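Participant: One structure is given below, represented as structure tokens, and several questions about it will come after.
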Amino acid sequence: MTEVKDALEVKQKRTWDEALEKESWVAPLIDIYETDDDFFLNAYMPGVKKEDVKIKLEDGNLVIMGRIDYEETINKKYVLQETVLGNYYRRFKISDSIDETKIDAKLENGILNVKLPKHERVKPRTIEIK
């Protein structure tokens with residue numbers, strides 16, 4: 001019994017990077033749209049809780065990861081299941097037109113909403129005629 005407990009504790013302590021190498025991941029469906037001031041990225045990750053989402057910037061890439069609590073889904077007796085449940089992972093190259101210091105994110109109803117503000121230098125502007 002101690003071996004099982006130890007194995008579970010080790011699994012829970014693994015870092016996200018270790019998990020990425022050792023676990024299976026699926027790509028969430030993504031919508032990206034643009035306004036004059038911002039880009040918006042919506043990642044559809046049903047079953048993921050806020051505390052199980054990680055977003056990071058590394059080497060000019062935006063990395064999105066979300067983990068599923070399999071204990072909640074494993075005991076269900078499905079009659080029909082069309083969704084693919086799994087840990088989610090996507091990586092996007094970020095343009096230098098994005099102001100990385102102002103990126104904002106929130107999770108609502110299984111949809112991760114990421115706001116990617118544009119730098120002032122790339123926003124459209126009206127030039128006054130004198």
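Residue numbering restarts at 1 for every chain of the structure tokens, chains are lettered A, B, ... in their displayed order, and ligands are numbered from 1 as they appear.
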Using only C-alpha atoms, which residues sit within 8 Å of Gly86 (chain A) once same-chain residues fewer than 3 positions away are excluded, as a ChimeraX atom specification?
Facilitator: /A:24-26,67-68
Participant: Find the residues around region 113-130 of chain A up to 8 Å (only C-alpha atoms counted), leave out those fewer than 3 positions away in its own chain, and share them as a ChimeraX atom specification.
Facilitator: /A:36-43,97-100,102-108
Participant: Write out as a PyMOL selection string which residues come within 10 Å of region 52-55 of chain A when counting only C-alpha atoms, dropping same-chain ones fewer than 6 positions away.
Facilitator: chain A and resi 16+45+62-69+87-91+105-107+112+114
Participant: Could you tell me how far CA of Glu58 (chain A) sits from CA of Glu23 (chain A), in Å to one decimal place?
Facilitator: 20.7 Å
